[in-house]
Structures are given as structure tokens and as C-alpha cells.
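Trainee: My file is work_0.pdb. It has PDB, C-alpha atoms:
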```
ATOM      1  CA  MET A   1       0.134  20.088  17.518
ATOM      2  CA  LEU A   2      -0.180  22.600  14.694
ATOM      3  CA  PRO A   3      -2.584  25.557  14.988
ATOM      4  CA  ARG A   4      -5.861  24.902  13.191
ATOM      5  CA  ARG A   5      -5.272  27.526  10.482
ATOM      6  CA  LEU A   6      -1.779  26.226   9.772
ATOM      7  CA  SER A   7      -3.069  22.662   9.707
ATOM      8  CA  SER A   8      -5.694  23.661   7.152
ATOM      9  CA  LEU A   9      -3.066  25.376   5.007
ATOM     10  CA  VAL A  10      -0.770  22.373   5.160
ATOM     11  CA  LEU A  11      -3.564  19.984   4.255
ATOM     12  CA  GLY A  12      -4.560  22.255   1.387
ATOM     13  CA  LEU A  13      -1.016  22.274   0.049
ATOM     14  CA  CYS A  14      -0.821  18.509   0.380
ATOM     15  CA  ALA A  15      -4.095  18.089  -1.483
ATOM     16  CA  ALA A  16      -2.904  20.404  -4.244
ATOM     17  CA  PHE A  17       0.333  18.485  -4.589
ATOM     18  CA  ALA A  18      -1.446  15.140  -4.646
ATOM     19  CA  THR A  19      -3.929  16.387  -7.262
ATOM     20  CA  THR A  20      -1.104  17.653  -9.465
ATOM     21  CA  LEU A  21       0.826  14.426  -9.034
ATOM     22  CA  PHE A  22      -2.051  12.160  -9.961
ATOM     23  CA  THR A  23      -3.205  14.390 -12.824
ATOM     24  CA  LEU A  24       0.247  14.333 -14.391
ATOM     25  CA  SER A  25       0.641  10.619 -13.724
ATOM     26  CA  ALA A  26      -2.625   9.854 -15.476
ATOM     27  CA  THR A  27      -1.199  10.884 -18.844
ATOM     28  CA  GLY A  28      -0.300   7.669 -20.601
ATOM     29  CA  ALA A  29      -0.781   5.673 -17.413
ATOM     30  CA  ASP A  30      -2.364   2.720 -19.176
ATOM     31  CA  GLY A  31       0.065   2.431 -22.024
ATOM     32  CA  ASP A  32       3.480   1.340 -20.803
ATOM     33  CA  HIS A  33       4.066  -1.730 -18.701
ATOM     34  CA  GLY A  34       7.526  -2.780 -19.788
ATOM     35  CA  SER A  35       6.558  -5.752 -21.952
ATOM     36  CA  SER A  36       9.192  -7.609 -23.936
ATOM     37  CA  ALA A  37       7.732  -6.196 -27.162
ATOM     38  CA  GLU A  38       8.145  -2.557 -26.159
ATOM     39  CA  PRO A  39      10.524  -0.324 -28.113
ATOM     40  CA  GLY A  40      13.844   0.692 -26.610
ATOM     41  CA  ASP A  41      17.489  -0.242 -26.399
ATOM     42  CA  ARG A  42      17.681  -3.887 -25.298
ATOM     43  CA  ALA A  43      21.001  -3.557 -23.520
ATOM     44  CA  ALA A  44      19.763  -0.559 -21.546
ATOM     45  CA  ALA A  45      16.509  -2.315 -20.661
ATOM     46  CA  THR A  46      18.423  -5.350 -19.416
ATOM     47  CA  ALA A  47      20.700  -3.090 -17.374
ATOM     48  CA  VAL A  48      17.764  -1.256 -15.783
ATOM     49  CA  ARG A  49      16.094  -4.508 -14.789
ATOM     50  CA  ALA A  50      19.340  -5.859 -13.347
ATOM     51  CA  LEU A  51      19.908  -2.605 -11.446
ATOM     52  CA  THR A  52      16.428  -2.546  -9.933
ATOM     53  CA  GLN A  53      15.827  -6.268  -9.448
ATOM     54  CA  GLY A  54      19.196  -8.016  -9.365
ATOM     55  CA  SER A  55      22.341  -8.131  -7.279
ATOM     56  CA  PRO A  56      25.201  -5.628  -7.640
ATOM     57  CA  ALA A  57      27.181  -8.296  -9.517
ATOM     58  CA  GLU A  58      24.302  -8.858 -11.936
ATOM     59  CA  ALA A  59      23.898  -5.120 -12.441
ATOM     60  CA  LEU A  60      27.611  -4.716 -13.130
ATOM     61  CA  ALA A  61      27.597  -7.600 -15.602
ATOM     62  CA  THR A  62      24.837  -5.976 -17.660
ATOM     63  CA  VAL A  63      26.373  -2.514 -18.088
ATOM     64  CA  PRO A  64      26.145  -1.924 -21.863
ATOM     65  CA  ASP A  65      29.461  -2.402 -23.669
ATOM     66  CA  ASP A  66      29.548   1.134 -25.060
ATOM     67  CA  PHE A  67      28.099   2.835 -21.981
ATOM     68  CA  ALA A  68      31.454   4.306 -20.907
ATOM     69  CA  ARG A  69      32.098   5.657 -24.399
ATOM     70  CA  LEU A  70      28.745   7.419 -24.582
ATOM     71  CA  ARG A  71      28.385   8.544 -20.965
ATOM     72  CA  GLY A  72      32.030   9.146 -20.092
ATOM     73  CA  TYR A  73      32.389   6.820 -17.119
ATOM     74  CA  ARG A  74      31.885   3.239 -15.993
ATOM     75  CA  PRO A  75      29.731   2.573 -12.913
ATOM     76  CA  GLU A  76      31.351   1.051  -9.842
ATOM     77  CA  VAL A  77      30.145  -1.088  -6.955
ATOM     78  CA  VAL A  78      30.420   1.050  -3.803
ATOM     79  CA  ASP A  79      28.914   0.115  -0.432
ATOM     80  CA  GLY A  80      27.125  -2.801  -2.063
ATOM     81  CA  LEU A  81      25.443  -0.713  -4.777
ATOM     82  CA  LEU A  82      26.275  -0.143  -8.444
ATOM     83  CA  VAL A  83      26.627   3.624  -8.680
ATOM     84  CA  ARG A  84      27.921   6.619 -10.554
ATOM     85  CA  ALA A  85      30.893   7.194  -8.258
ATOM     86  CA  ASP A  86      31.029  10.966  -8.776
ATOM     87  CA  GLY A  87      27.272  11.390  -8.417
ATOM     88  CA  GLY A  88      25.367  12.429  -5.338
ATOM     89  CA  CYS A  89      22.244  13.978  -3.902
ATOM     90  CA  SER A  90      21.066  17.205  -5.531
ATOM     91  CA  SER A  91      18.368  18.915  -3.509
ATOM     92  CA  PRO A  92      17.300  22.427  -2.488
ATOM     93  CA  VAL A  93      17.629  21.263   1.123
ATOM     94  CA  ALA A  94      20.409  19.328   2.814
ATOM     95  CA  LEU A  95      19.871  15.560   2.839
ATOM     96  CA  PRO A  96      21.470  13.032   5.200
ATOM     97  CA  GLU A  97      24.878  11.755   4.158
ATOM     98  CA  ALA A  98      23.469   8.243   4.447
ATOM     99  CA  PHE A  99      21.365   8.967   1.334
ATOM    100  CA  GLU A 100      24.438   9.493  -0.869
ATOM    101  CA  PRO A 101      24.824   5.864  -2.078
ATOM    102  CA  ALA A 102      21.133   5.749  -3.055
ATOM    103  CA  CYS A 103      21.482   9.067  -4.897
ATOM    104  CA  ARG A 104      24.547   7.813  -6.767
ATOM    105  CA  GLN A 105      22.736   4.623  -7.738
ATOM    106  CA  HIS A 106      19.804   6.723  -8.938
ATOM    107  CA  ASP A 107      22.228   8.866 -10.961
ATOM    108  CA  TYR A 108      23.544   5.765 -12.735
ATOM    109  CA  GLY A 109      20.008   4.581 -13.411
ATOM    110  CA  TYR A 110      19.128   7.894 -15.019
ATOM    111  CA  ASP A 111      22.303   7.748 -17.076
ATOM    112  CA  LEU A 112      21.089   4.417 -18.454
ATOM    113  CA  LEU A 113      17.987   6.250 -19.679
ATOM    114  CA  ARG A 114      20.137   8.943 -21.263
ATOM    115  CA  TYR A 115      22.346   6.263 -22.802
ATOM    116  CA  ALA A 116      19.316   4.614 -24.395
ATOM    117  CA  GLU A 117      18.288   7.947 -25.894
ATOM    118  CA  GLN A 118      21.798   8.430 -27.269
ATOM    119  CA  THR A 119      21.559   5.078 -29.047
ATOM    120  CA  GLY A 120      18.369   6.300 -30.708
ATOM    121  CA  GLU A 121      16.164   3.834 -28.796
ATOM    122  CA  PRO A 122      14.848   5.489 -25.611
ATOM    123  CA  LEU A 123      13.164   3.271 -23.053
ATOM    124  CA  GLY A 124       9.520   3.496 -22.039
ATOM    125  CA  ARG A 125       8.021   5.015 -18.902
ATOM    126  CA  TRP A 126       8.464   1.784 -16.972
ATOM    127  CA  ALA A 127      12.239   2.250 -16.794
ATOM    128  CA  ARG A 128      12.235   5.636 -15.092
ATOM    129  CA  GLY A 129       9.463   4.401 -12.829
ATOM    130  CA  ALA A 130      11.478   1.385 -11.721
ATOM    131  CA  ILE A 131      14.544   3.525 -11.000
ATOM    132  CA  ASP A 132      12.513   6.079  -9.041
ATOM    133  CA  ASP A 133      10.729   3.373  -7.063
ATOM    134  CA  GLN A 134      14.028   1.759  -6.132
ATOM    135  CA  PHE A 135      15.343   5.102  -4.899
ATOM    136  CA  ALA A 136      12.205   5.752  -2.840
ATOM    137  CA  ASP A 137      12.325   2.308  -1.256
ATOM    138  CA  ARG A 138      16.002   2.647  -0.431
ATOM    139  CA  VAL A 139      15.944   6.071   1.251
ATOM    140  CA  ARG A 140      12.787   5.245   3.181
ATOM    141  CA  GLY A 141      14.311   1.947   4.249
ATOM    142  CA  LEU A 142      17.351   3.744   5.636
ATOM    143  CA  CYS A 143      15.099   5.566   8.088
ATOM    144  CA  HIS A 144      13.672   2.313   9.409
ATOM    145  CA  ASP A 145      17.092   1.481  10.824
ATOM    146  CA  VAL A 146      17.314   4.701  12.869
ATOM    147  CA  THR A 147      16.529   3.905  16.506
ATOM    148  CA  ASP A 148      16.478   7.422  17.965
ATOM    149  CA  MET A 149      12.926   8.723  17.549
ATOM    150  CA  GLU A 150      13.855  12.339  16.836
ATOM    151  CA  ARG A 151      16.527  11.383  14.309
ATOM    152  CA  ALA A 152      14.155   8.894  12.710
ATOM    153  CA  ASP A 153      11.521  11.608  12.269
ATOM    154  CA  ARG A 154      14.053  13.943  10.650
ATOM    155  CA  CYS A 155      15.203  11.098   8.413
ATOM    156  CA  ARG A 156      11.666  10.343   7.278
ATOM    157  CA  VAL A 157      11.011  13.987   6.421
ATOM    158  CA  ALA A 158      14.279  14.140   4.470
ATOM    159  CA  ALA A 159      13.361  10.940   2.636
ATOM    160  CA  GLU A 160       9.993  12.367   1.606
ATOM    161  CA  VAL A 161      11.691  15.568   0.430
ATOM    162  CA  ALA A 162      14.059  13.529  -1.732
ATOM    163  CA  VAL A 163      11.304  11.291  -3.086
ATOM    164  CA  ALA A 164       9.029  14.247  -3.821
ATOM    165  CA  GLY A 165      11.772  16.050  -5.723
ATOM    166  CA  VAL A 166      12.374  13.004  -7.885
ATOM    167  CA  GLU A 167       8.671  12.300  -8.426
ATOM    168  CA  PHE A 168       7.886  15.939  -9.194
ATOM    169  CA  ASN A 169      10.480  16.022 -11.942
ATOM    170  CA  SER A 170       9.506  12.634 -13.334
ATOM    171  CA  VAL A 171       5.853  13.538 -13.770
ATOM    172  CA  ARG A 172       6.830  16.981 -15.089
ATOM    173  CA  GLN A 173       8.992  15.275 -17.720
ATOM    174  CA  GLY A 174       6.389  12.634 -18.549
ATOM    175  CA  ASP A 175       8.543   9.812 -17.146
ATOM    176  CA  GLY A 176      10.762  10.265 -20.177
ATOM    177  CA  VAL A 177      14.495  10.845 -20.522
ATOM    178  CA  PRO A 178      15.694  12.852 -17.488
ATOM    179  CA  GLU A 179      17.066  16.321 -17.837
ATOM    180  CA  GLU A 180      20.677  16.529 -16.705
ATOM    181  CA  SER A 181      19.646  18.289 -13.474
ATOM    182  CA  VAL A 182      16.950  16.061 -12.017
ATOM    183  CA  LEU A 183      15.851  18.327  -9.164
ATOM    184  CA  THR A 184      15.665  21.611 -11.062
ATOM    185  CA  GLN A 185      12.100  22.344  -9.974
ATOM    186  CA  ALA A 186      11.925  20.488  -6.661
ATOM    187  CA  ALA A 187      11.522  23.536  -4.433
ATOM    188  CA  LEU A 188       7.712  23.367  -4.483
ATOM    189  CA  ALA A 189       7.755  19.643  -3.855
ATOM    190  CA  SER A 190      10.238  20.093  -1.028
ATOM    191  CA  ALA A 191       8.149  22.750   0.668
ATOM    192  CA  ILE A 192       5.019  20.661   0.480
ATOM    193  CA  VAL A 193       6.753  17.534   1.646
ATOM    194  CA  GLY A 194       8.220  19.477   4.542
ATOM    195  CA  ALA A 195       4.640  20.139   5.506
ATOM    196  CA  LEU A 196       3.815  16.493   4.945
ATOM    197  CA  GLY A 197       6.580  15.570   7.343
ATOM    198  CA  VAL A 198       5.184  17.878  10.001
ATOM    199  CA  MET A 199       1.796  16.278   9.555
ATOM    200  CA  GLY A 200       3.246  12.768   9.713
ATOM    201  CA  ALA A 201       2.226  11.969   6.137
ATOM    202  CA  ALA A 202       4.089  10.776   3.077
ATOM    203  CA  VAL A 203       4.226  11.433  -0.641
ATOM    204  CA  PRO A 204       1.459   9.472  -2.404
ATOM    205  CA  SER A 205       2.863   6.423  -4.156
ATOM    206  CA  ARG A 206       2.995   6.388  -7.952
ATOM    207  CA  ARG A 207       4.358   2.848  -8.163
ATOM    208  CA  ARG A 208       4.236   1.661 -11.762
ATOM    209  CA  THR A 209       3.245  -1.762 -12.982
ATOM    210  CA  TRP A 210       5.890  -3.389 -15.195
TER     211      TRP A 210
END
```
Starting from the file, give its structure as C-alpha cells.

Mentor:
Amino acid sequence: MLPRRLSSLVLGLCAAFATTLFTLSATGADGDHGSSAEPGDRAAATAVRALTQGSPAEALATVPDDFARLRGYRPEVVDGLLVRADGGCSSPVALPEAFEPACRQHDYGYDLLRYAEQTGEPLGRWARGAIDDQFADRVRGLCHDVTDMERADRCRVAAEVAVAGVEFNSVRQGDGVPEESVLTQAALASAIVGALGVMGAAVPSRRRTW
């Protein structure tokens, strides 16, 4: 049990983070739902949908033809996921090794967004939202398989740290094309989510409709 003053501080930080998150998310929240008429590179849009909704084979089959030329690599299927093989988790705190495949998949997803921008047809907010949601679901799901209670608790806190870092940067960047370093300003999110973990809470969901 946390002391009352510390509990109040933690709850205050959580409320501040949630307010910031929802305020930033509200900008343009009604405008982009990933309809077929939306602007953006068609090949990249197809690849994002296959990555987030399809099988690894379907995702691999939809990698844009000139993706390797523009991004400098071709994604690979590793551990049942289509990933950027040299990617990985980038966080101000250490994350479980088990998160690495999800981080590498997320890296490839973000590179699809950068690819679309390079073609001159960036995708809408829905695409980054779908990629972030997939990452959040995957790292949280990994913790469900941990049977030891103490390890499971640590896993859940780490998952919320990772998700908060991603979400913080996405809302900061308006769900647009990711900066090359996706967790550049995650320290605040990490600190707050560490508190969330102590309190047994989770990052508020920003799941997009698309």
C-alpha cells in the first residue's frame, strides 16, 4: 500500500497524463477513419492493413515493390511476425527481451509510414493508429502468458511503459509520419506509467476507428 501523500501524487500525475493524452488526441479525432477514398499511397495502405489484420504471409506478400529501394531493407518473417530484422525496442528503461519481436514489427510498420511519405502520398492518422494498437495488444498479450505473479506484474508495468512511450510520441506528432527515433520524449510517459503500474492501472486506450 502506498502512503496517502504518494498515492495522491501518483493519481495527480496519472490524471495530468490522461488529460494531455485526450487533449492531444482530440485534434482531428473526427476526421480520419481510413476510408477507401482517403488520400495516401495505396501500396503502403494495403501493406499496413495486411500487417495489422492479416497473416505474416499476407503481410509479406503486400510489401511494396520499391520498399527496399526507398527504405534500404526488406522485412523478414521472424518468430511468426513480419519485422524489420535489425530493429528493436528503444526505451529510456529496459524492456523484457520477449518484447523485441513486437518492437521490430512496430519498426517495420512505422517504416511503411515513412515509405508512404517518401512516395509523396503519406497515409492518414488511421495507419499509425492501427500500428500502435497492434503493438499495444501484442506486448500486453505477452504478459497474459506469464504464470508467475511477480513476473507478470513486472511484465505488465513494462508493457504500459512501452505503450505509453509510443502513444506519447504519436499524439505529440499528430499521428503523422514518425520521427526516426520514436521514443525521443518518452521519459515523462515512462515515469507516469511506472506510477500507473504501482497503482495497478493502465494507459488509457486511444483505439482509433478505421

Trainee: Let me know the residues the PyMOL selection byres ((chain A and resi 78-85) around 12) catches in the file above, as a PyMOL selection string.

Mentor: chain A and resi 47-48+50-52+54-63+68+71-77+86-89+98-112+134-135+138

Trainee: Based on the selection just made, write C-alpha atoms of those residues as a PDB file, in the frame of the given file.

Mentor:
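Saved as result_36.pdb:
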```
ATOM      1  CA  ALA A  47      20.700  -3.090 -17.374  1.00  0.00           C
ATOM      2  CA  VAL A  48      17.764  -1.256 -15.783  1.00  0.00           C
ATOM      3  CA  ALA A  50      19.340  -5.859 -13.347  1.00  0.00           C
ATOM      4  CA  LEU A  51      19.908  -2.605 -11.446  1.00  0.00           C
ATOM      5  CA  THR A  52      16.428  -2.546  -9.933  1.00  0.00           C
ATOM      6  CA  GLY A  54      19.196  -8.016  -9.365  1.00  0.00           C
ATOM      7  CA  SER A  55      22.341  -8.131  -7.279  1.00  0.00           C
ATOM      8  CA  PRO A  56      25.201  -5.628  -7.640  1.00  0.00           C
ATOM      9  CA  ALA A  57      27.181  -8.296  -9.517  1.00  0.00           C
ATOM     10  CA  GLU A  58      24.302  -8.858 -11.936  1.00  0.00           C
ATOM     11  CA  ALA A  59      23.898  -5.120 -12.441  1.00  0.00           C
ATOM     12  CA  LEU A  60      27.611  -4.716 -13.130  1.00  0.00           C
ATOM     13  CA  ALA A  61      27.597  -7.600 -15.602  1.00  0.00           C
ATOM     14  CA  THR A  62      24.837  -5.976 -17.660  1.00  0.00           C
ATOM     15  CA  VAL A  63      26.373  -2.514 -18.088  1.00  0.00           C
ATOM     16  CA  ALA A  68      31.454   4.306 -20.907  1.00  0.00           C
ATOM     17  CA  ARG A  71      28.385   8.544 -20.965  1.00  0.00           C
ATOM     18  CA  GLY A  72      32.030   9.146 -20.092  1.00  0.00           C
ATOM     19  CA  TYR A  73      32.389   6.820 -17.119  1.00  0.00           C
ATOM     20  CA  ARG A  74      31.885   3.239 -15.993  1.00  0.00           C
ATOM     21  CA  PRO A  75      29.731   2.573 -12.913  1.00  0.00           C
ATOM     22  CA  GLU A  76      31.351   1.051  -9.842  1.00  0.00           C
ATOM     23  CA  VAL A  77      30.145  -1.088  -6.955  1.00  0.00           C
ATOM     24  CA  ASP A  86      31.029  10.966  -8.776  1.00  0.00           C
ATOM     25  CA  GLY A  87      27.272  11.390  -8.417  1.00  0.00           C
ATOM     26  CA  GLY A  88      25.367  12.429  -5.338  1.00  0.00           C
ATOM     27  CA  CYS A  89      22.244  13.978  -3.902  1.00  0.00           C
ATOM     28  CA  ALA A  98      23.469   8.243   4.447  1.00  0.00           C
ATOM     29  CA  PHE A  99      21.365   8.967   1.334  1.00  0.00           C
ATOM     30  CA  GLU A 100      24.438   9.493  -0.869  1.00  0.00           C
ATOM     31  CA  PRO A 101      24.824   5.864  -2.078  1.00  0.00           C
ATOM     32  CA  ALA A 102      21.133   5.749  -3.055  1.00  0.00           C
ATOM     33  CA  CYS A 103      21.482   9.067  -4.897  1.00  0.00           C
ATOM     34  CA  ARG A 104      24.547   7.813  -6.767  1.00  0.00           C
ATOM     35  CA  GLN A 105      22.736   4.623  -7.738  1.00  0.00           C
ATOM     36  CA  HIS A 106      19.804   6.723  -8.938  1.00  0.00           C
ATOM     37  CA  ASP A 107      22.228   8.866 -10.961  1.00  0.00           C
ATOM     38  CA  TYR A 108      23.544   5.765 -12.735  1.00  0.00           C
ATOM     39  CA  GLY A 109      20.008   4.581 -13.411  1.00  0.00           C
ATOM     40  CA  TYR A 110      19.128   7.894 -15.019  1.00  0.00           C
ATOM     41  CA  ASP A 111      22.303   7.748 -17.076  1.00  0.00           C
ATOM     42  CA  LEU A 112      21.089   4.417 -18.454  1.00  0.00           C
ATOM     43  CA  GLN A 134      14.028   1.759  -6.132  1.00  0.00           C
ATOM     44  CA  PHE A 135      15.343   5.102  -4.899  1.00  0.00           C
ATOM     45  CA  ARG A 138      16.002   2.647  -0.431  1.00  0.00           C
TER      46      ARG A 138
END
```

Trainee: What is the distance, in Å and to one decimal place, between atom CA of Ala116 of chain A and atom CA of Val163 of chain A?

Mentor: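 Straight-line distance from atom CA of Ala116 of chain A to atom CA of Val163 of chain A works out to 23.7 Å.
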
Trainee: To one decimal place, how far is atom CA of Arg42 of chain A from atom CA of Gly124 of chain A in Å?

Mentor: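 A separation of 11.5 Å between them.
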
Trainee: Once 3 Å is added on each side, what centre and edge lengths in Å to one decimal does the axis-aligned box around all listed atoms of segment 42-54 of chain A have, as lines of an AutoDock Vina configuration file?

Mentor:
```
center_x = 18.4
center_y = -4.3
center_z = -17.3
size_x = 11.2
size_y = 13.5
size_z = 21.9
```

Trainee: Written as a PyMOL selection string, what is the full residue list that the PyMOL selection byres ((chain A and resi 176-179) around 8) yields on the file shown?

Mentor: chain A and resi 110+113-114+117+122-125+128+170+173-175+180-182

Trainee: Between A:Ala127, A:Val139, A:Ala164, A:Val171, single out the one closest to Thr46 of chain A, counting all atoms listed in the file.

Mentor: A:Ala127

Trainee: Hey, which of A:Ala130, A:Glu97, A:Thr119, A:Asp145 ends up closest to Gly40 of chain A? Count only C-alpha atoms.

Mentor: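 With only C-alpha atoms as the atom set, the closest residue is A:Thr119.
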
Trainee: Hey, can you check how far atom CA of Glu167 of chain A sits from atom CA of Leu95 of chain A?

Mentor: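 Result for atom CA of Glu167 of chain A versus atom CA of Leu95 of chain A: 16.2 Å, one decimal.
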
Trainee: May I ask which of the residues A:Gly129, A:Gln53, A:Ala158, A:Gln118 is the closest one to Phe67 of chain A, counting all atoms listed in the file?

Mentor: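 With all atoms listed in the file as the atom set, the closest residue is A:Gln118.
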
Trainee: Using only C-alpha atoms, which residue out of A:Trp126, A:Gly165, A:Ala159, A:Ser90 lies closest to Leu142 of chain A?

Mentor: A:Ala159

Trainee: Which of these, A:Asp65, A:Ala44, A:Arg172, A:Pro96, has the shortest distance to Ala152 of chain A once you count all atoms listed in the file?

Mentor: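 Closest to Ala152 of chain A, using all atoms listed in the file: A:Pro96.
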